[in-house]
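Written out below as structure tokens is the structure these notes cover.
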Amino acid sequence: MRELSLYLHIPFCARKCRYCDFLSWPAAEREQREYLELLLLEIEKQSFFYKDYDVASVFVGGGTPSLLAADAINILFEKLNHDFAIKKDCEITVEANPDSLTTEKLTAFSRAGVNRLSIGLQSTDDEELRRIGRLHDYQTFCRAYENARQTGFRNINIDLMASLPGQTFDSYRKTLERVLQLRPEHISAYSLMLEEGTWLYEHRKELLFPTEDEDRAFYELTGKMLAEYNYNRYEISNYALDGYACRHNQVYWTRGDYAGFGLGAASMVDNVRWSNPRSIPEYRDALLRPYSASTDFEPAERTGAGLAAAKTDLTAARARLSGNVQYLSVQEQMEEFMFLGLRLTKGVSKQDFREIFGLPIEEVYGKAIEALRRDGLLLADDFVRLTPFGTDISNYVMEKFLFG
């Protein structure tokens, strides 16, 4: 059986954070219920096309999935377990904000089979939290974290952000110290990006942001302090204790198969990408169009040219909700293999490249690798990976692996 990862998008939040450009908005319970019905319908219809897959990871993101009512949580996971073959050791993650992570929600998640939480803390400084529009304070987070531990969760990620408005080196150090004392299994630490259309972007001239040099200092401090506490940096912005690297996110970085459900959710299966509509009316219309599953799409029953045609039919059927379908060329697959794989600290395996593409990596990217190696940006042995300097300017390095 092939392995598949599932992503489910919950686009609702209590209030839009000032830095957020994700597909999310505040919604009343009735709108949430109506959306859940559509999401369940998509899961049911799409599951037909994945009968020959085992689900190795599930990630429920948003938005704020912890806004869902406890009974909605139960309904959603009952549907997943009914319609998909969920592996016994499946990693099941739910994103949560501290202000909505009640004991009732935690209990519902645990009973539904959720075994990993990703909690958005961002900072332990209440004034920094206020400036970016978060609804919780540090004490609210501490209560939610402790409740999660008492409920039985033994795999928790904490999200942190650096270069927040008004943030100092000392306040960021204090945030790291407080989080490290909690000993979560996983820490994601990102620098704030000002995205057009967000409140922070529109008010950027009114606020004092850390300089590029200060952002660099935050970045170095993160790596140094987390290493001292035995967190392994396995990706540019992600750190984990031994055995707790996020399996779901590694599927993205290694180009595994994943199917997205819900508004705007992206999928990639068999080197084809597509994404769902981004508005509820379009999403509803696409789901309610006349449709009937057919075993004509099952490639296992065909051979030769018939098998190739069936796979094309199958991909088209999977992507039926979207008008934005991208059939990746071999060159595009190679590009993705490199710039996604280079995000991982272990880098890109030369052997894997040869096995997937039938060519040695040097035949395709030899000149680029050698030039970047001479500049001190790459190391190249059995793996091609970024040096510390290369990590600092990773976007520049990754551009060198694009064709044209």
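A note on labels: chains of the structure tokens are A, B, ... as shown, every chain counts residues from 1, and ligands are counted from 1 in their shown order.
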
Pull the closest atom pair for each residue of range 69-108 of chain A that gets at most 12 Å from range 3-20 of chain A, along with the distance in Å to one decimal, counting only C-alpha atoms, ordering rows by chain and then ascending residue number, as JSON lines.
{"residue": "A:Ala72", "atom": "CA", "partner": "A:Ile10", "partner_atom": "CA", "distance": 11.6}
{"residue": "A:Ile73", "atom": "CA", "partner": "A:Ile10", "partner_atom": "CA", "distance": 11.2}
{"residue": "A:Leu76", "atom": "CA", "partner": "A:Leu8", "partner_atom": "CA", "distance": 9.9}
{"residue": "A:Phe77", "atom": "CA", "partner": "A:Leu8", "partner_atom": "CA", "distance": 10.8}
{"residue": "A:Leu80", "atom": "CA", "partner": "A:Leu6", "partner_atom": "CA", "distance": 9.6}
{"residue": "A:Asn81", "atom": "CA", "partner": "A:Leu6", "partner_atom": "CA", "distance": 12.0}
{"residue": "A:Phe84", "atom": "CA", "partner": "A:Leu6", "partner_atom": "CA", "distance": 9.9}
{"residue": "A:Ala85", "atom": "CA", "partner": "A:Leu4", "partner_atom": "CA", "distance": 9.7}
{"residue": "A:Ile86", "atom": "CA", "partner": "A:Leu4", "partner_atom": "CA", "distance": 9.5}
{"residue": "A:Lys87", "atom": "CA", "partner": "A:Glu3", "partner_atom": "CA", "distance": 9.3}
{"residue": "A:Cys90", "atom": "CA", "partner": "A:Ser5", "partner_atom": "CA", "distance": 9.3}
{"residue": "A:Glu91", "atom": "CA", "partner": "A:Ser5", "partner_atom": "CA", "distance": 9.4}
{"residue": "A:Ile92", "atom": "CA", "partner": "A:Leu6", "partner_atom": "CA", "distance": 9.4}
{"residue": "A:Thr93", "atom": "CA", "partner": "A:Tyr7", "partner_atom": "CA", "distance": 9.6}
{"residue": "A:Val94", "atom": "CA", "partner": "A:Leu8", "partner_atom": "CA", "distance": 9.5}
{"residue": "A:Glu95", "atom": "CA", "partner": "A:Ile10", "partner_atom": "CA", "distance": 9.7}
{"residue": "A:Ala96", "atom": "CA", "partner": "A:Cys13", "partner_atom": "CA", "distance": 10.2}
{"residue": "A:Asn97", "atom": "CA", "partner": "A:Cys13", "partner_atom": "CA", "distance": 9.3}
{"residue": "A:Pro98", "atom": "CA", "partner": "A:Ala14", "partner_atom": "CA", "distance": 11.6}
{"residue": "A:Asp99", "atom": "CA", "partner": "A:Ala14", "partner_atom": "CA", "distance": 9.3}
{"residue": "A:Ser100", "atom": "CA", "partner": "A:Ala14", "partner_atom": "CA", "distance": 8.7}

Item checked: Surrounding residues of Ala69 in chain A excluding itself and chain neighbours under 4 positions, 12 Å, only C-alpha atoms, as number ranges by chain -> A: 28-30, 32-33, 36, 64-65, 73-76, 100-109

Margin query: Using DSSP assignments from the backbone, pull out every residue in range 102-156 of chain A that falls under strand (DSSP E or B) and give it to me as a VMD selection string.
Written below: chain A and resid 116 to 122 156

Checklist line | Nearest residue to Ile236 in chain A from the set A:Cys142, A:Ala189, A:Ala368, A:Met334 (distances using only C-alpha atoms) | finding: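 The answer is A:Ala189, which sits nearest to Ile236 in chain A.
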
Margin query: Need the shell around Val384 in chain A: protein/DNA/RNA residues with any atom at most 7 Å away, counting only C-alpha atoms. Skip same-chain ones fewer than 2 positions apart. Format as an MDAnalysis selection string?
Written below: chainID A and resid 347:349 378:382

With N, CA and C atoms retained, export the selected residues as a PDB file, in the first residue's frame.
ATOM      1  N   GLY A 347      19.843  17.689   3.957  1.00  0.00           N
ATOM      2  CA  GLY A 347      20.004  18.015   2.557  1.00  0.00           C
ATOM      3  C   GLY A 347      19.355  17.021   1.610  1.00  0.00           C
ATOM      4  N   VAL A 348      19.868  17.011   0.391  1.00  0.00           N
ATOM      5  CA  VAL A 348      19.323  16.207  -0.695  1.00  0.00           C
ATOM      6  C   VAL A 348      20.222  15.001  -0.936  1.00  0.00           C
ATOM      7  N   SER A 349      19.632  13.825  -0.943  1.00  0.00           N
ATOM      8  CA  SER A 349      20.391  12.596  -1.170  1.00  0.00           C
ATOM      9  C   SER A 349      20.697  12.432  -2.654  1.00  0.00           C
ATOM     10  N   LEU A 378      27.436  25.528   0.049  1.00  0.00           N
ATOM     11  CA  LEU A 378      26.983  24.137   0.031  1.00  0.00           C
ATOM     12  C   LEU A 378      28.099  23.204   0.458  1.00  0.00           C
ATOM     13  N   LEU A 379      27.688  22.067   1.010  1.00  0.00           N
ATOM     14  CA  LEU A 379      28.562  20.921   1.193  1.00  0.00           C
ATOM     15  C   LEU A 379      28.029  19.811   0.298  1.00  0.00           C
ATOM     16  N   ALA A 380      28.893  19.011  -0.266  1.00  0.00           N
ATOM     17  CA  ALA A 380      28.456  17.963  -1.181  1.00  0.00           C
ATOM     18  C   ALA A 380      29.301  16.713  -0.977  1.00  0.00           C
ATOM     19  N   ASP A 381      28.683  15.698  -0.364  1.00  0.00           N
ATOM     20  CA  ASP A 381      29.284  14.364  -0.285  1.00  0.00           C
ATOM     21  C   ASP A 381      28.219  13.394  -0.783  1.00  0.00           C
ATOM     22  N   ASP A 382      27.696  12.530   0.066  1.00  0.00           N
ATOM     23  CA  ASP A 382      26.562  11.708  -0.354  1.00  0.00           C
ATOM     24  C   ASP A 382      25.274  12.524  -0.388  1.00  0.00           C
TER      25      ASP A 382
END

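Here the question is which of A:Val114, A:Val179, A:Asp270, A:Asp213 gets nearest to Leu226 in chain A using only C-alpha atoms, and that residue is A:Val179.
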
Note to self: as an MDAnalysis selection string, please: every residue in range 209-366 of chain A that DSSP puts in helix (DSSP H, G or I).
What the structure shows: chainID A and resid 212:228 247:253 280:288 295:297 299:301 304:318 330:341 350:357 361:366

Check: Got a sec: who's within 7 Å of Tyr244 in chain A, counting only C-alpha atoms, leaving out chain neighbours fewer than 4 positions off, as a PyMOL selection string?
Finding: chain A and resi 185-186+240

Check: Any idea what the distance is between CA of Pro281 in chain A and CA of Asp71 in chain A?
Finding: 24.9 Å

Next item on the list: To one decimal in Å, tell me the separation between CA of Ala265 in chain A and CA of Ser24 in chain A.
Entry: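 Taking CA of Ala265 in chain A and CA of Ser24 in chain A, their separation equals 12.1 Å.
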
Polymer residues at most 8 Å from Pro360 in chain A, only C-alpha atoms, same-chain spacing of 4 or more positions, as a PDB file with C-alpha atoms, in the first residue's frame:
ATOM      1  CA  LYS A 350      22.376  11.998  -4.358  1.00  0.00           C
ATOM      2  CA  GLN A 351      21.235   8.391  -4.362  1.00  0.00           C
ATOM      3  CA  PHE A 353      17.996  11.842  -6.954  1.00  0.00           C
ATOM      4  CA  ARG A 354      19.440   9.120  -9.175  1.00  0.00           C
ATOM      5  CA  VAL A 364      21.948  18.016 -14.027  1.00  0.00           C
TER       6      VAL A 364
END

Would you pick out the contacts of Tyr138 in chain A at 12 Å or less, using only C-alpha atoms, so that residues sharing its chain but fewer than 2 positions from it are not included, and give the list as a PDB file with C-alpha atoms, in the first residue's frame?
ATOM      1  CA  ASN A  97      -4.518  28.760  19.879  1.00  0.00           C
ATOM      2  CA  PRO A  98      -4.191  28.972  23.674  1.00  0.00           C
ATOM      3  CA  ASP A  99      -7.362  31.032  24.159  1.00  0.00           C
ATOM      4  CA  GLY A 120       0.621  29.067  18.558  1.00  0.00           C
ATOM      5  CA  LEU A 121       2.395  30.932  21.356  1.00  0.00           C
ATOM      6  CA  GLN A 122       4.592  33.313  19.274  1.00  0.00           C
ATOM      7  CA  SER A 123       5.974  35.161  22.331  1.00  0.00           C
ATOM      8  CA  THR A 124       5.897  35.027  26.129  1.00  0.00           C
ATOM      9  CA  ASP A 125       5.895  38.840  26.329  1.00  0.00           C
ATOM     10  CA  ASP A 126       2.323  40.082  26.749  1.00  0.00           C
ATOM     11  CA  GLU A 127       3.034  43.459  25.174  1.00  0.00           C
ATOM     12  CA  GLU A 128       4.547  41.814  22.090  1.00  0.00           C
ATOM     13  CA  LEU A 129       1.489  39.566  21.854  1.00  0.00           C
ATOM     14  CA  ARG A 130      -0.799  42.596  22.044  1.00  0.00           C
ATOM     15  CA  ARG A 134      -3.011  37.789  19.619  1.00  0.00           C
ATOM     16  CA  LEU A 135      -5.975  37.109  21.916  1.00  0.00           C
ATOM     17  CA  HIS A 136      -4.042  35.237  24.599  1.00  0.00           C
ATOM     18  CA  THR A 140      -3.366  31.706  29.219  1.00  0.00           C
ATOM     19  CA  PHE A 141      -0.832  29.751  27.188  1.00  0.00           C
ATOM     20  CA  CYS A 142       0.693  28.220  30.346  1.00  0.00           C
ATOM     21  CA  ARG A 143      -2.715  26.984  31.498  1.00  0.00           C
ATOM     22  CA  ALA A 144      -3.492  25.521  28.067  1.00  0.00           C
ATOM     23  CA  TYR A 145      -0.095  23.805  27.903  1.00  0.00           C
ATOM     24  CA  THR A 175      10.821  33.808  25.450  1.00  0.00           C
ATOM     25  CA  ARG A 178      10.619  30.130  29.234  1.00  0.00           C
ATOM     26  CA  VAL A 179       9.693  27.775  26.401  1.00  0.00           C
TER      27      VAL A 179
END

Check: Which neighbours of range 48-50 of chain A fall inside 7 Å, counting only C-alpha atoms, when residues of the same chain fewer than 3 positions from it are skipped, and could you give them as a ChimeraX atom specification?
Finding: /A:45,53,318

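Minimum atom-to-atom distances from A:Arg273, A:Ser394, A:Gly376, A:Asp352 to Val325 in chain A were compared using only C-alpha atoms, and the lowest value belongs to A:Arg273.
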
With only C-alpha atoms counted and 12 Å as the cut-off, give the residues of range 319-350 of chain A in contact with range 246-252 of chain A, each with its shortest interatomic distance in Å and the pair that gives it, as CSV.
residue,atom,partner,partner_atom,distance
A:Glu336,CA,A:Tyr252,CA,10.1
A:Phe337,CA,A:Tyr252,CA,10.2
A:Phe339,CA,A:Tyr252,CA,11.4
A:Leu340,CA,A:Tyr252,CA,7.8
A:Gly341,CA,A:Gln250,CA,9.3
A:Leu342,CA,A:Gln250,CA,11.9
A:Arg343,CA,A:Gln250,CA,10.0
A:Leu344,CA,A:Gln250,CA,8.6
A:Thr345,CA,A:Gln250,CA,11.7
A:Lys346,CA,A:Gln250,CA,11.9

Could you produce a table of the residues of range 102-174 of chain A lying within 10 Å of range 216-223 of chain A, with the nearest pair of atoms per residue and their separation in Å rounded to one decimal, using only C-alpha atoms, ordered by chain and increasing residue number, as a Markdown table?
| residue | atom | partner | partner_atom | distance |
| --- | --- | --- | --- | --- |
| A:Met161 | CA | A:Phe218 | CA | 9.9 |
| A:Ala162 | CA | A:Phe218 | CA | 6.7 |
| A:Ser163 | CA | A:Phe218 | CA | 7.6 |
| A:Thr168 | CA | A:Phe218 | CA | 9.0 |
| A:Phe169 | CA | A:Phe218 | CA | 6.7 |
| A:Asp170 | CA | A:Phe218 | CA | 9.7 |
| A:Tyr172 | CA | A:Phe218 | CA | 7.2 |
| A:Arg173 | CA | A:Leu221 | CA | 7.6 |

Can I get the selection written as a PDB file, in the first residue's frame, with all heavy atoms?
ATOM      1  N   MET A 161       7.732  33.329  17.132  1.00  0.00           N
ATOM      2  CA  MET A 161       8.050  34.291  16.084  1.00  0.00           C
ATOM      3  C   MET A 161       9.103  35.265  16.593  1.00  0.00           C
ATOM      4  O   MET A 161       9.034  35.736  17.737  1.00  0.00           O
ATOM      5  CB  MET A 161       6.802  35.066  15.654  1.00  0.00           C
ATOM      6  CG  MET A 161       5.748  34.196  14.987  1.00  0.00           C
ATOM      7  SD  MET A 161       4.320  35.147  14.399  1.00  0.00           S
ATOM      8  CE  MET A 161       5.026  35.870  12.921  1.00  0.00           C
ATOM      9  N   ALA A 162      10.051  35.557  15.724  1.00  0.00           N
ATOM     10  CA  ALA A 162      11.087  36.550  16.015  1.00  0.00           C
ATOM     11  C   ALA A 162      10.867  37.787  15.161  1.00  0.00           C
ATOM     12  O   ALA A 162      10.114  37.762  14.180  1.00  0.00           O
ATOM     13  CB  ALA A 162      12.469  35.964  15.757  1.00  0.00           C
ATOM     14  N   SER A 163      11.537  38.872  15.533  1.00  0.00           N
ATOM     15  CA  SER A 163      11.477  40.151  14.813  1.00  0.00           C
ATOM     16  C   SER A 163      10.079  40.766  14.859  1.00  0.00           C
ATOM     17  O   SER A 163       9.616  41.376  13.895  1.00  0.00           O
ATOM     18  CB  SER A 163      11.958  39.998  13.363  1.00  0.00           C
ATOM     19  OG  SER A 163      13.336  39.688  13.350  1.00  0.00           O
ATOM     20  N   THR A 168      13.028  42.935  21.557  1.00  0.00           N
ATOM     21  CA  THR A 168      14.454  43.153  21.775  1.00  0.00           C
ATOM     22  C   THR A 168      15.159  41.811  21.894  1.00  0.00           C
ATOM     23  O   THR A 168      14.519  40.764  22.050  1.00  0.00           O
ATOM     24  CB  THR A 168      14.699  43.960  23.061  1.00  0.00           C
ATOM     25  OG1 THR A 168      14.296  43.173  24.193  1.00  0.00           O
ATOM     26  CG2 THR A 168      13.929  45.273  23.037  1.00  0.00           C
ATOM     27  N   PHE A 169      16.472  41.860  21.858  1.00  0.00           N
ATOM     28  CA  PHE A 169      17.266  40.642  22.012  1.00  0.00           C
ATOM     29  C   PHE A 169      16.970  39.994  23.362  1.00  0.00           C
ATOM     30  O   PHE A 169      16.799  38.775  23.458  1.00  0.00           O
ATOM     31  CB  PHE A 169      18.752  40.983  21.900  1.00  0.00           C
ATOM     32  CG  PHE A 169      19.657  39.781  21.872  1.00  0.00           C
ATOM     33  CD1 PHE A 169      19.879  39.081  20.698  1.00  0.00           C
ATOM     34  CD2 PHE A 169      20.293  39.359  23.029  1.00  0.00           C
ATOM     35  CE1 PHE A 169      20.726  37.973  20.661  1.00  0.00           C
ATOM     36  CE2 PHE A 169      21.138  38.256  23.009  1.00  0.00           C
ATOM     37  CZ  PHE A 169      21.346  37.567  21.821  1.00  0.00           C
ATOM     38  N   ASP A 170      16.868  40.817  24.407  1.00  0.00           N
ATOM     39  CA  ASP A 170      16.610  40.278  25.745  1.00  0.00           C
ATOM     40  C   ASP A 170      15.211  39.695  25.877  1.00  0.00           C
ATOM     41  O   ASP A 170      15.024  38.657  26.514  1.00  0.00           O
ATOM     42  CB  ASP A 170      16.818  41.373  26.799  1.00  0.00           C
ATOM     43  CG  ASP A 170      18.286  41.703  27.012  1.00  0.00           C
ATOM     44  OD1 ASP A 170      19.135  40.869  26.645  1.00  0.00           O
ATOM     45  OD2 ASP A 170      18.582  42.804  27.529  1.00  0.00           O
ATOM     46  N   TYR A 172      13.415  38.410  23.467  1.00  0.00           N
ATOM     47  CA  TYR A 172      13.364  37.162  22.701  1.00  0.00           C
ATOM     48  C   TYR A 172      14.096  36.050  23.447  1.00  0.00           C
ATOM     49  O   TYR A 172      13.640  34.904  23.475  1.00  0.00           O
ATOM     50  CB  TYR A 172      13.965  37.360  21.313  1.00  0.00           C
ATOM     51  CG  TYR A 172      13.855  36.125  20.437  1.00  0.00           C
ATOM     52  CD1 TYR A 172      12.607  35.644  20.046  1.00  0.00           C
ATOM     53  CD2 TYR A 172      14.991  35.435  20.029  1.00  0.00           C
ATOM     54  CE1 TYR A 172      12.488  34.507  19.267  1.00  0.00           C
ATOM     55  CE2 TYR A 172      14.883  34.292  19.238  1.00  0.00           C
ATOM     56  CZ  TYR A 172      13.632  33.833  18.867  1.00  0.00           C
ATOM     57  OH  TYR A 172      13.519  32.692  18.108  1.00  0.00           O
ATOM     58  N   ARG A 173      15.235  36.384  24.067  1.00  0.00           N
ATOM     59  CA  ARG A 173      15.954  35.393  24.866  1.00  0.00           C
ATOM     60  C   ARG A 173      15.064  34.874  25.997  1.00  0.00           C
ATOM     61  O   ARG A 173      15.038  33.672  26.272  1.00  0.00           O
ATOM     62  CB  ARG A 173      17.229  35.989  25.449  1.00  0.00           C
ATOM     63  CG  ARG A 173      18.005  34.993  26.338  1.00  0.00           C
ATOM     64  CD  ARG A 173      19.019  35.708  27.206  1.00  0.00           C
ATOM     65  NE  ARG A 173      20.082  36.288  26.420  1.00  0.00           N
ATOM     66  CZ  ARG A 173      21.172  35.619  26.046  1.00  0.00           C
ATOM     67  NH1 ARG A 173      21.330  34.355  26.392  1.00  0.00           N
ATOM     68  NH2 ARG A 173      22.099  36.215  25.335  1.00  0.00           N
TER      69      ARG A 173
END
